[in-house]
$ cat final29.txt   # compact mmCIF, C-alpha atoms and all ligand atoms
# COMPACT_ATOMS: atom_id res chain seq x y z
CA MET A 1 0.00 0.00 0.00
CA LYS A 2 1.04 3.59 -0.63
CA THR A 3 1.79 6.03 2.19
CA GLU A 4 -1.29 8.19 1.57
CA GLU A 5 -3.61 5.21 1.49
CA LEU A 6 -2.14 3.76 4.68
CA ILE A 7 -2.50 7.03 6.52
CA GLU A 8 -6.09 7.35 5.38
CA ASN A 9 -6.79 3.83 6.60
CA GLU A 10 -5.12 4.61 9.90
CA LYS A 11 -7.65 7.41 10.38
CA ASN A 12 -10.46 5.03 9.48
CA TYR A 13 -9.49 2.00 11.48
CA LEU A 14 -7.37 3.04 14.46
CA MET A 15 -8.47 4.90 17.57
CA GLN A 16 -7.03 8.35 17.19
CA THR A 17 -4.83 8.39 20.28
CA TYR A 18 -1.64 9.52 18.55
CA THR A 19 -0.66 12.53 16.51
CA ARG A 20 2.05 11.46 14.12
CA PRO A 21 3.87 12.95 11.16
CA ALA A 22 2.91 11.71 7.70
CA ILE A 23 5.64 9.13 7.25
CA VAL A 24 5.30 5.36 7.40
CA LEU A 25 8.42 3.65 8.73
CA ASP A 26 9.32 0.52 6.86
CA LYS A 27 12.77 -0.80 7.77
CA GLY A 28 15.84 0.08 9.75
CA GLU A 29 19.49 -0.67 10.24
CA GLY A 30 21.68 0.68 13.02
CA MET A 31 20.91 4.38 13.50
CA LYS A 32 19.05 4.59 10.20
CA VAL A 33 15.43 4.01 9.39
CA TRP A 34 13.65 4.27 6.05
CA ASP A 35 10.07 5.20 5.26
CA LEU A 36 7.91 3.56 2.62
CA GLY A 37 8.94 6.16 0.06
CA GLY A 38 12.56 5.16 0.58
CA LYS A 39 13.58 8.31 2.49
CA GLN A 40 16.29 7.72 5.08
CA TYR A 41 16.23 9.19 8.60
CA TYR A 42 18.66 9.25 11.51
CA ASP A 43 16.78 8.13 14.57
CA PHE A 44 17.60 10.11 17.71
CA ILE A 45 14.54 8.99 19.65
CA GLY A 46 15.18 5.26 19.18
CA GLY A 47 11.63 4.03 19.64
CA ILE A 48 11.50 6.05 22.90
CA ALA A 49 14.62 4.48 24.40
CA VAL A 50 13.59 1.01 23.23
CA ASN A 51 15.87 0.45 20.22
CA ALA A 52 19.01 0.77 22.31
CA LEU A 53 20.90 -1.59 19.96
CA GLY A 54 19.66 0.34 16.95
CA TYR A 55 17.59 -1.32 14.25
CA SER A 56 18.07 -4.93 13.16
CA HIS A 57 21.05 -5.80 15.32
CA PRO A 58 22.09 -9.18 13.86
CA LYS A 59 22.52 -10.91 17.24
CA LEU A 60 19.12 -9.74 18.43
CA VAL A 61 17.45 -10.76 15.18
CA GLN A 62 19.12 -14.17 15.26
CA ALA A 63 18.11 -14.82 18.88
CA ILE A 64 14.48 -13.99 18.09
CA LYS A 65 14.51 -16.18 14.95
CA ASN A 66 16.07 -19.13 16.74
CA GLN A 67 13.62 -19.00 19.62
CA ALA A 68 10.61 -18.50 17.32
CA GLU A 69 11.53 -21.65 15.44
CA LYS A 70 11.75 -23.60 18.68
CA LEU A 71 8.98 -22.39 20.98
CA ILE A 72 7.05 -19.13 20.69
CA HIS A 73 4.75 -19.45 23.64
CA CYS A 74 3.96 -21.93 26.39
CA SER A 75 2.21 -19.77 29.07
CA ASN A 76 3.29 -19.69 32.68
CA LEU A 77 1.64 -23.04 33.36
CA TYR A 78 5.04 -24.52 32.46
CA TYR A 79 8.73 -23.75 32.89
CA SER A 80 10.71 -22.46 29.94
CA GLU A 81 14.46 -22.05 29.66
CA PRO A 82 14.84 -18.45 28.36
CA GLN A 83 12.71 -17.07 31.21
CA ILE A 84 14.86 -18.74 33.86
CA ILE A 85 18.17 -17.79 32.23
CA LEU A 86 17.07 -14.17 31.87
CA ALA A 87 15.92 -13.97 35.49
CA GLN A 88 19.31 -15.21 36.66
CA MET A 89 21.11 -12.66 34.46
CA LEU A 90 19.00 -9.80 35.82
CA VAL A 91 19.52 -10.87 39.41
CA GLU A 92 23.27 -11.13 38.91
CA LEU A 93 23.35 -7.72 37.23
CA SER A 94 21.12 -5.83 39.67
CA CYS A 95 20.68 -5.37 43.41
CA GLY A 96 17.53 -7.52 43.36
CA ASP A 97 16.98 -11.17 44.24
CA LYS A 98 13.83 -12.27 42.40
CA VAL A 99 12.14 -11.35 39.14
CA PHE A 100 8.60 -11.29 37.78
CA PHE A 101 8.16 -10.73 34.05
CA GLY A 102 5.43 -8.63 32.45
CA ASN A 103 4.96 -7.29 28.94
CA SER A 104 5.30 -3.55 29.36
CA GLY A 105 6.38 -0.78 31.67
CA ALA A 106 2.96 -0.01 33.05
CA GLU A 107 2.35 -3.65 33.73
CA VAL A 108 5.45 -4.16 35.85
CA ASN A 109 4.79 -0.91 37.72
CA GLU A 110 1.32 -2.26 38.51
CA GLY A 111 3.07 -5.36 39.80
CA ALA A 112 5.43 -3.21 41.89
CA ILE A 113 2.50 -1.41 43.53
CA LYS A 114 0.70 -4.70 44.23
CA LEU A 115 3.89 -6.23 45.62
CA ALA A 116 4.48 -3.30 47.98
CA VAL A 117 0.93 -3.52 49.33
CA LYS A 118 1.12 -7.31 49.64
CA TYR A 119 4.38 -7.02 51.55
CA PHE A 120 2.65 -5.09 54.33
CA LYS A 121 -0.53 -7.20 54.21
CA GLU A 122 1.67 -10.21 55.03
CA GLN A 123 2.70 -8.37 58.19
CA ASN A 124 -0.90 -7.39 58.98
CA LYS A 125 -0.04 -3.73 58.52
CA ASP A 126 -2.48 -1.31 56.97
CA LYS A 127 -0.04 0.32 54.57
CA HIS A 128 -1.45 0.72 51.09
CA LYS A 129 -0.71 4.26 49.88
CA ILE A 130 1.95 5.18 47.34
CA ILE A 131 3.84 8.47 47.09
CA TYR A 132 4.78 9.56 43.57
CA MET A 133 6.41 12.67 42.14
CA LYS A 134 5.12 15.58 40.15
CA ASN A 135 6.05 15.29 36.45
CA SER A 136 6.63 11.56 36.84
CA PHE A 137 5.51 9.03 34.28
CA HIS A 138 4.73 5.48 35.34
CA GLY A 139 2.21 4.34 32.72
CA ARG A 140 -1.32 4.67 31.40
CA THR A 141 -3.22 1.95 33.23
CA ILE A 142 -5.68 3.06 35.90
CA GLY A 143 -3.20 2.33 38.69
CA THR A 144 -0.03 3.68 37.11
CA LEU A 145 -1.91 6.68 35.75
CA ALA A 146 -2.74 7.62 39.33
CA ALA A 147 1.00 7.50 40.05
CA THR A 148 1.79 9.66 37.03
CA GLY A 149 2.31 13.28 38.03
CA LYS A 150 0.64 14.96 35.10
CA TYR A 151 -2.83 16.45 35.46
CA LYS A 152 -3.22 16.47 31.69
CA TYR A 153 -3.35 12.66 31.75
CA HIS A 154 -5.63 12.55 34.80
CA LYS A 155 -8.33 15.06 34.11
CA ASP A 156 -10.65 12.99 31.92
CA TYR A 157 -10.49 9.91 34.14
CA LEU A 158 -11.25 11.33 37.55
CA PRO A 159 -11.75 10.13 40.16
CA LEU A 160 -8.57 8.07 40.15
CA LEU A 161 -7.58 5.57 42.81
CA PRO A 162 -7.35 7.17 46.24
CA LYS A 163 -4.14 5.32 47.14
CA PHE A 164 -1.78 7.85 45.58
CA LYS A 165 -0.19 11.00 47.00
CA GLN A 166 1.90 13.47 45.06
CA ALA A 167 5.19 15.01 46.20
CA ILE A 168 7.73 17.19 44.43
CA PHE A 169 10.71 15.67 42.61
CA ASN A 170 14.04 16.70 44.16
CA ASP A 171 12.26 18.21 47.17
CA LEU A 172 12.73 15.91 50.15
CA ASN A 173 10.60 18.05 52.46
CA SER A 174 7.60 17.68 50.20
CA VAL A 175 7.99 13.90 50.41
CA LYS A 176 8.29 14.04 54.20
CA GLU A 177 5.06 16.03 54.32
CA ALA A 178 3.27 13.40 52.22
CA VAL A 179 4.32 10.53 54.48
CA ASP A 180 1.78 9.05 56.87
CA ASP A 181 1.43 5.70 58.61
CA GLN A 182 -0.47 4.23 55.67
CA VAL A 183 2.21 4.88 53.06
CA ALA A 184 3.61 1.60 51.75
CA ALA A 185 6.07 2.88 49.18
CA ILE A 186 7.62 5.76 47.31
CA ILE A 187 7.92 5.34 43.55
CA VAL A 188 10.43 7.48 41.66
CA GLU A 189 12.36 7.60 38.41
CA PRO A 190 16.03 8.39 39.22
CA VAL A 191 15.94 10.28 35.93
CA GLN A 192 12.51 11.45 34.84
CA GLY A 193 12.13 10.73 31.15
CA GLU A 194 8.71 11.93 29.96
CA GLY A 195 8.98 14.71 32.55
CA GLY A 196 11.77 16.28 30.48
CA ILE A 197 15.01 14.52 31.53
CA ASN A 198 15.07 15.65 35.15
CA ILE A 199 17.96 14.13 37.06
CA ALA A 200 17.41 13.35 40.74
CA SER A 201 19.96 14.90 43.08
CA LYS A 202 22.11 12.68 45.26
CA GLU A 203 20.67 14.24 48.40
CA PHE A 204 17.14 13.53 47.19
CA ILE A 205 17.70 9.85 46.42
CA GLU A 206 19.78 9.29 49.57
CA GLY A 207 17.15 11.17 51.57
CA LEU A 208 14.38 8.98 50.15
CA ARG A 209 16.25 5.84 51.16
CA GLU A 210 16.82 7.17 54.67
CA LEU A 211 13.19 8.20 54.97
CA CYS A 212 11.97 4.79 53.80
CA ASN A 213 14.24 3.04 56.30
CA LYS A 214 13.08 5.28 59.12
CA LYS A 215 9.36 5.05 58.37
CA GLY A 216 9.28 1.41 57.28
CA MET A 217 8.33 2.17 53.67
CA LEU A 218 9.57 0.54 50.48
CA LEU A 219 11.51 2.39 47.81
CA ILE A 220 10.58 1.64 44.20
CA PHE A 221 12.82 2.83 41.37
CA ASP A 222 11.18 2.97 37.98
CA GLU A 223 14.15 2.54 35.62
CA ILE A 224 11.96 1.65 32.67
CA GLN A 225 13.45 4.48 30.62
CA CYS A 226 16.73 5.26 32.39
CA GLY A 227 17.85 1.70 33.14
CA LEU A 228 19.92 -0.90 31.29
CA GLY A 229 22.82 1.24 30.14
CA ARG A 230 21.05 4.40 29.01
CA THR A 231 22.63 6.68 31.63
CA GLY A 232 26.16 5.34 31.18
CA LYS A 233 25.76 2.87 34.02
CA VAL A 234 23.82 -0.39 33.85
CA PHE A 235 21.32 1.05 36.34
CA ALA A 236 20.80 4.72 37.13
CA TYR A 237 20.69 3.94 40.88
CA GLN A 238 24.40 3.10 40.64
CA TYR A 239 25.08 6.85 40.38
CA TYR A 240 23.68 7.18 43.89
CA ASN A 241 24.85 5.24 46.87
CA VAL A 242 21.40 3.74 47.15
CA GLU A 243 19.59 0.50 46.33
CA PRO A 244 15.83 0.27 45.89
CA ASP A 245 13.68 -2.51 47.36
CA ILE A 246 11.86 -2.84 44.07
CA LEU A 247 13.14 -2.03 40.58
CA THR A 248 11.18 -1.96 37.33
CA LEU A 249 12.59 -2.28 33.81
CA ALA A 250 11.06 -2.43 30.34
CA LYS A 251 11.66 -0.26 27.25
CA SER A 252 15.11 -1.36 26.02
CA LEU A 253 15.08 -4.73 27.80
CA GLY A 254 13.85 -6.73 24.78
CA GLY A 255 15.63 -4.50 22.24
CA GLY A 256 12.20 -3.84 20.72
CA ILE A 257 10.30 -6.96 21.72
CA PRO A 258 7.78 -6.08 24.46
CA ILE A 259 8.92 -7.23 27.90
CA GLY A 260 9.05 -5.75 31.38
CA ALA A 261 10.76 -6.93 34.54
CA LEU A 262 9.77 -6.38 38.15
CA ILE A 263 12.76 -7.08 40.39
CA ALA A 264 12.75 -7.10 44.18
CA LYS A 265 14.80 -7.91 47.22
CA GLU A 266 14.07 -11.34 48.65
CA LYS A 267 12.27 -10.11 51.78
CA VAL A 268 9.81 -8.22 49.57
CA ALA A 269 9.59 -10.69 46.67
CA SER A 270 8.71 -13.56 48.98
CA SER A 271 5.39 -11.95 49.87
CA PHE A 272 4.06 -12.90 46.44
CA LYS A 273 2.74 -16.46 46.84
CA PRO A 274 1.42 -18.79 44.11
CA GLY A 275 -1.71 -17.22 42.66
CA ASP A 276 -1.04 -13.69 43.99
CA HIS A 277 -0.02 -12.25 40.65
CA GLY A 278 0.22 -13.49 37.09
CA THR A 279 0.10 -12.88 33.36
CA THR A 280 -0.51 -14.93 30.24
CA PHE A 281 2.28 -13.52 28.10
CA GLY A 282 4.81 -12.22 30.63
CA GLY A 283 8.14 -14.01 30.39
CA ASN A 284 7.28 -15.33 26.95
CA PRO A 285 10.18 -17.37 25.51
CA VAL A 286 10.74 -15.15 22.45
CA ALA A 287 10.67 -11.97 24.53
CA CYS A 288 13.09 -13.49 27.04
CA ALA A 289 15.41 -14.73 24.29
CA ALA A 290 15.48 -11.18 22.91
CA ALA A 291 16.27 -9.76 26.35
CA ILE A 292 19.06 -12.29 26.88
CA ALA A 293 20.53 -11.19 23.54
CA TYR A 294 20.17 -7.54 24.56
CA LEU A 295 22.07 -8.06 27.82
CA LYS A 296 24.77 -10.10 26.06
CA VAL A 297 25.31 -7.46 23.37
CA LEU A 298 25.42 -4.76 26.05
CA GLN A 299 28.35 -6.60 27.60
CA GLU A 300 30.09 -7.91 24.46
CA GLU A 301 30.07 -4.54 22.73
CA ASN A 302 30.91 -2.65 25.90
CA LEU A 303 27.89 -0.45 25.27
CA VAL A 304 27.49 0.94 28.77
CA THR A 305 30.97 2.49 28.69
CA LYS A 306 30.43 3.60 25.11
CA CYS A 307 27.14 5.20 26.13
CA LYS A 308 28.95 7.16 28.81
CA GLU A 309 31.60 8.33 26.31
CA LYS A 310 29.08 9.25 23.63
CA GLY A 311 27.06 11.02 26.31
CA GLU A 312 30.11 13.12 27.23
CA TYR A 313 30.63 13.97 23.58
CA PHE A 314 26.95 14.86 23.16
CA LYS A 315 27.19 17.04 26.26
CA LYS A 316 30.18 18.94 24.87
CA LYS A 317 28.41 19.55 21.58
CA ILE A 318 25.18 20.65 23.25
CA LYS A 319 27.17 23.01 25.49
CA GLU A 320 28.69 24.64 22.41
CA LEU A 321 25.23 24.99 20.92
CA LYS A 322 23.94 26.50 24.14
CA GLU A 323 26.71 29.09 24.14
CA LYS A 324 25.90 29.96 20.55
CA TYR A 325 22.15 30.37 21.16
CA PRO A 326 21.73 31.62 24.73
CA LYS A 327 18.40 33.26 23.88
CA PHE A 328 17.07 30.07 22.39
CA ILE A 329 18.16 27.45 24.87
CA LYS A 330 16.99 27.57 28.46
CA GLU A 331 18.73 24.52 29.90
CA ALA A 332 20.42 21.30 28.85
CA ARG A 333 20.02 18.24 31.07
CA ILE A 334 22.17 15.27 30.11
CA ILE A 335 23.10 11.96 31.68
CA GLY A 336 24.62 9.33 29.40
CA LEU A 337 22.46 9.22 26.29
CA MET A 338 19.41 10.74 27.94
CA VAL A 339 19.51 14.25 26.59
CA GLY A 340 16.96 16.96 27.31
CA LEU A 341 17.30 20.39 25.74
CA GLU A 342 14.78 22.82 27.14
CA ILE A 343 14.21 25.63 24.68
CA LYS A 344 12.42 28.95 24.97
CA LYS A 345 10.76 28.50 21.59
CA ASP A 346 8.17 26.16 20.12
CA GLY A 347 9.51 22.62 20.65
CA PRO A 348 7.09 20.77 18.33
CA GLU A 349 8.09 23.21 15.55
CA VAL A 350 11.74 22.17 15.95
CA VAL A 351 10.72 18.49 15.87
CA LYS A 352 8.91 19.14 12.58
CA LYS A 353 11.91 20.94 11.13
CA CYS A 354 14.21 18.09 12.17
CA LEU A 355 11.95 15.64 10.38
CA GLU A 356 12.24 17.74 7.22
CA LYS A 357 15.99 17.37 7.61
CA ARG A 358 15.52 13.63 8.08
CA VAL A 359 16.28 13.44 11.78
CA LEU A 360 13.81 11.90 14.22
CA ILE A 361 13.62 13.53 17.64
CA ASN A 362 10.84 14.13 20.13
CA CYS A 363 9.54 16.91 22.33
CA THR A 364 8.25 16.26 25.83
CA ALA A 365 7.10 18.19 28.91
CA GLY A 366 6.30 21.37 27.00
CA ASN A 367 9.37 22.50 25.11
CA VAL A 368 12.01 19.95 26.05
CA LEU A 369 13.65 18.46 22.98
CA ARG A 370 14.43 14.89 23.90
CA PHE A 371 17.14 12.71 22.38
CA LEU A 372 17.37 9.02 23.26
CA PRO A 373 19.55 7.62 20.48
CA PRO A 374 20.57 3.98 20.30
CA LEU A 375 23.64 3.29 22.46
CA ILE A 376 25.52 2.44 19.25
CA VAL A 377 25.35 6.06 18.02
CA LYS A 378 28.61 7.35 16.50
CA GLU A 379 30.24 10.74 17.01
CA GLU A 380 29.69 11.63 13.33
CA GLU A 381 26.00 11.00 13.78
CA ILE A 382 25.87 13.27 16.81
CA ASP A 383 27.75 15.89 14.75
CA TYR A 384 25.13 15.58 12.04
CA LEU A 385 22.30 16.13 14.52
CA ILE A 386 24.04 19.17 16.00
CA GLU A 387 24.55 20.59 12.51
CA VAL A 388 20.86 20.16 11.78
CA LEU A 389 19.86 21.80 15.07
CA ASP A 390 22.30 24.64 14.44
CA LYS A 391 20.73 25.34 11.05
CA ILE A 392 17.21 25.22 12.50
CA PHE A 393 18.04 27.45 15.49
CA LYS A 394 19.71 29.96 13.18
CA LYS A 395 16.54 30.31 11.14
CA ILE A 396 14.03 30.57 13.98
C1 LIG A 401 7.56 4.36 29.18
C2 LIG A 401 7.56 4.37 30.64
C3 LIG A 401 6.61 3.67 31.39
C4 LIG A 401 5.46 2.93 30.75
O1 LIG A 401 5.86 1.91 29.94
P1 LIG A 401 4.83 1.27 28.87
O2 LIG A 401 5.58 0.12 28.31
O3 LIG A 401 4.50 2.33 27.89
O4 LIG A 401 3.64 0.85 29.66
C5 LIG A 401 6.71 3.69 32.76
N1 LIG A 401 7.70 4.36 33.38
C6 LIG A 401 8.63 5.05 32.70
C7 LIG A 401 9.71 5.75 33.43
C8 LIG A 401 8.58 5.09 31.31
O5 LIG A 401 9.48 5.81 30.64
$ encode --input "final29.txt" --output "structure tokens"
Amino acid sequence: MKTEELIENEKNYLMQTYTRPAIVLDKGEGMKVWDLGGKQYYDFIGGIAVNALGYSHPKLVQAIKNQAEKLIHCSNLYYSEPQIILAQMLVELSCGDKVFFGNSGAEVNEGAIKLAVKYFKEQNKDKHKIIYMKNSFHGRTIGTLAATGKYKYHKDYLPLLPKFKQAIFNDLNSVKEAVDDQVAAIIVEPVQGEGGINIASKEFIEGLRELCNKKGMLLIFDEIQCGLGRTGKVFAYQYYNVEPDILTLAKSLGGGIPIGALIAKEKVASSFKPGDHGTTFGGNPVACAAAIAYLKVLQEENLVTKCKEKGEYFKKKIKELKEKYPKFIKEARIIGLMVGLEIKKDGPEVVKKCLEKRVLINCTAGNVLRFLPPLIVKEEEIDYLIEVLDKIFKKI
């Protein structure tokens, strides 16, 4: 089908929940992706931090093919090898002891909230509330939506669940004020992604840990966007001297195949008993095989270190741009290859202009240009992006 016809059919047959530019993506390789008309783009949003290995990484593709030929699905009524191997890898890599697999970010955050509540139920304690941060993003399900600090997403679905209390990111006092005896857990992204690349301060994260210890609450880190190498460390919490009780991962974990992981310390994980939680697809063999391949490539290609180096390079380039356009750029927030460039002009307009120049980026939280390139991005490709931005900024 032709692009125009497909787009017309999209309007006819899909719920209109997305506003997208008029291109139909067809195939990709590395940093590059092509639309149906054969136009080539450099992808600096990487499927929203999902395509961390770029497009069509041969080892990822091979792992998916091999597993699909063997066993695509068997449900959680039975054991399967990829699921068990992946769980062991994640436990060895992280501070957690046990894993539960879901299919998406929202789904494992739901699991995290249930697990926290169950943990206190086991002890006959009435702790069921969750503190979340303003400008956070934890998902679009009814539960995770209530933990997402954006009124825009709430307003048409009120009333939401009464469990959730909002505090201010990087403001420990606001969290202290929200604490009461019924609070089970605090959920936080060490680096807020959708919120505009907001990096938690050391004092904030350390303060949250201390507060949780003191008040007997659990600390949940949502590393769905910032985890698995993206910040230049395997996990963002490694930048802080702090371990969470519960950790959630998704986005890049399957390199593009949907999978999420809920990881917890043993004392917490053990409160889930047979029948307490479950899913049909979670931990699916193909998804787990993809995630195993992702973690292997991360290690074999030294991508976490490379991410840190490329992030430093990106930072230097963005700094130069900022000095050149002080009236245009408000602030740059960068950690590894999570890059947020807050501008004083119309962000969506810049995104549109980038697309015209065949570069895919995104705008979030008002006017924050967001770049989440694959971890395999090269310096020349970053140079190209900067050149494009320079040209656009010059014109506006
Ligand atoms: C994307 C995201 C989610 C939700 O993940 P889905 O797979 O879209 O449900 C949750 N938390 C964070 C930090 C995210 O970036």
$ residues_near_ligand --input "final29.txt" --ligand "ligand LIG 401 (chain A)" --cutoff "6 Å" --atoms "all atoms listed in the file" --output "number ranges by chain"
A: 104-106, 137-139, 189, 193, 222-225
$ closest_residue --input "final29.txt" --among "A:Leu303, A:Ala289, A:Ile382, A:Ile131" --to "Lys316 of chain A" --atoms "only C-alpha atoms"
A:Ile382
$ residues_around --input "final29.txt" --residues "Cys363 of chain A" --least-positions-apart "4" --cutoff "9 Å" --atoms "only C-alpha atoms" --output "list of chain:residue names"
A:Gly196, A:Gly340, A:Gly347, A:Pro348, A:Val350, A:Val351, A:Asn367, A:Val368, A:Leu369, A:Arg370, A:Phe371
$ residues_near_point --input "final29.txt" --point "(3.6, -15.8, 49.1)" --cutoff "12 Å" --atoms "only C-alpha atoms" --output "list in words"
Leu115, Lys118, Tyr119, Phe120, Lys121, Glu122, Gln123, Glu266, Lys267, Val268, Ala269, Ser270, Ser271, Phe272, Lys273, Pro274, Gly275, Asp276 and His277 of chain A
$ residues_around --input "final29.txt" --residues "Gly336 of chain A" --least-positions-apart "5" --cutoff "10 Å" --atoms "all atoms listed in the file" --output "count of residues only"
21
$ residues_around --input "final29.txt" --residues "Ser94 of chain A" --least-positions-apart "3" --cutoff "9 Å" --atoms "only C-alpha atoms" --output "NGL selection string"
:A and (89-91 or 97 or 234-235 or 247 or 263)
$ closest_residue --input "final29.txt" --among "A:Leu211, A:Ile199, A:Leu93, A:Leu145" --to "Ser174 of chain A" --atoms "all atoms listed in the file"
A:Leu211
$ closest_residue --input "final29.txt" --among "A:Ile23, A:Ile187, A:Val50, A:Met217" --to "Leu253 of chain A" --atoms "only C-alpha atoms"
A:Val50
$ decode --input "final29.txt" --residues "segment 56-70 of chain A" --atoms "N, CA, C and O atoms" --output "PDB file, in the first residue's frame"
ATOM      1  N   SER A  56      17.612  -3.671  13.782  1.00  0.00           N
ATOM      2  CA  SER A  56      18.067  -4.926  13.161  1.00  0.00           C
ATOM      3  C   SER A  56      19.454  -5.387  13.594  1.00  0.00           C
ATOM      4  O   SER A  56      20.261  -5.830  12.767  1.00  0.00           O
ATOM      5  N   HIS A  57      19.758  -5.267  14.877  1.00  0.00           N
ATOM      6  CA  HIS A  57      21.047  -5.799  15.324  1.00  0.00           C
ATOM      7  C   HIS A  57      21.082  -7.301  15.038  1.00  0.00           C
ATOM      8  O   HIS A  57      20.190  -8.042  15.459  1.00  0.00           O
ATOM      9  N   PRO A  58      22.107  -7.779  14.315  1.00  0.00           N
ATOM     10  CA  PRO A  58      22.087  -9.178  13.863  1.00  0.00           C
ATOM     11  C   PRO A  58      21.965 -10.202  15.004  1.00  0.00           C
ATOM     12  O   PRO A  58      21.267 -11.200  14.847  1.00  0.00           O
ATOM     13  N   LYS A  59      22.597  -9.933  16.131  1.00  0.00           N
ATOM     14  CA  LYS A  59      22.519 -10.907  17.241  1.00  0.00           C
ATOM     15  C   LYS A  59      21.123 -10.953  17.856  1.00  0.00           C
ATOM     16  O   LYS A  59      20.662 -12.008  18.286  1.00  0.00           O
ATOM     17  N   LEU A  60      20.487  -9.799  17.900  1.00  0.00           N
ATOM     18  CA  LEU A  60      19.122  -9.736  18.426  1.00  0.00           C
ATOM     19  C   LEU A  60      18.168 -10.455  17.474  1.00  0.00           C
ATOM     20  O   LEU A  60      17.339 -11.275  17.887  1.00  0.00           O
ATOM     21  N   VAL A  61      18.316 -10.156  16.197  1.00  0.00           N
ATOM     22  CA  VAL A  61      17.448 -10.760  15.179  1.00  0.00           C
ATOM     23  C   VAL A  61      17.613 -12.286  15.197  1.00  0.00           C
ATOM     24  O   VAL A  61      16.627 -13.032  15.184  1.00  0.00           O
ATOM     25  N   GLN A  62      18.855 -12.732  15.274  1.00  0.00           N
ATOM     26  CA  GLN A  62      19.119 -14.173  15.258  1.00  0.00           C
ATOM     27  C   GLN A  62      18.510 -14.863  16.475  1.00  0.00           C
ATOM     28  O   GLN A  62      17.911 -15.935  16.361  1.00  0.00           O
ATOM     29  N   ALA A  63      18.652 -14.221  17.642  1.00  0.00           N
ATOM     30  CA  ALA A  63      18.106 -14.817  18.879  1.00  0.00           C
ATOM     31  C   ALA A  63      16.593 -14.957  18.783  1.00  0.00           C
ATOM     32  O   ALA A  63      16.027 -15.979  19.198  1.00  0.00           O
ATOM     33  N   ILE A  64      15.941 -13.941  18.227  1.00  0.00           N
ATOM     34  CA  ILE A  64      14.477 -13.987  18.093  1.00  0.00           C
ATOM     35  C   ILE A  64      14.074 -15.091  17.106  1.00  0.00           C
ATOM     36  O   ILE A  64      13.171 -15.887  17.380  1.00  0.00           O
ATOM     37  N   LYS A  65      14.790 -15.154  15.969  1.00  0.00           N
ATOM     38  CA  LYS A  65      14.506 -16.184  14.954  1.00  0.00           C
ATOM     39  C   LYS A  65      14.663 -17.579  15.536  1.00  0.00           C
ATOM     40  O   LYS A  65      13.796 -18.435  15.377  1.00  0.00           O
ATOM     41  N   ASN A  66      15.796 -17.796  16.198  1.00  0.00           N
ATOM     42  CA  ASN A  66      16.074 -19.132  16.742  1.00  0.00           C
ATOM     43  C   ASN A  66      14.987 -19.565  17.721  1.00  0.00           C
ATOM     44  O   ASN A  66      14.503 -20.693  17.665  1.00  0.00           O
ATOM     45  N   GLN A  67      14.607 -18.639  18.613  1.00  0.00           N
ATOM     46  CA  GLN A  67      13.615 -19.002  19.622  1.00  0.00           C
ATOM     47  C   GLN A  67      12.238 -19.198  18.981  1.00  0.00           C
ATOM     48  O   GLN A  67      11.501 -20.105  19.374  1.00  0.00           O
ATOM     49  N   ALA A  68      11.919 -18.383  17.970  1.00  0.00           N
ATOM     50  CA  ALA A  68      10.607 -18.501  17.317  1.00  0.00           C
ATOM     51  C   ALA A  68      10.466 -19.850  16.620  1.00  0.00           C
ATOM     52  O   ALA A  68       9.389 -20.437  16.583  1.00  0.00           O
ATOM     53  N   GLU A  69      11.580 -20.338  16.109  1.00  0.00           N
ATOM     54  CA  GLU A  69      11.528 -21.645  15.444  1.00  0.00           C
ATOM     55  C   GLU A  69      11.339 -22.786  16.435  1.00  0.00           C
ATOM     56  O   GLU A  69      10.777 -23.824  16.120  1.00  0.00           O
ATOM     57  N   LYS A  70      11.794 -22.554  17.664  1.00  0.00           N
ATOM     58  CA  LYS A  70      11.752 -23.603  18.683  1.00  0.00           C
ATOM     59  C   LYS A  70      10.451 -23.620  19.478  1.00  0.00           C
ATOM     60  O   LYS A  70       9.748 -24.619  19.559  1.00  0.00           O
TER      61      LYS A  70
END
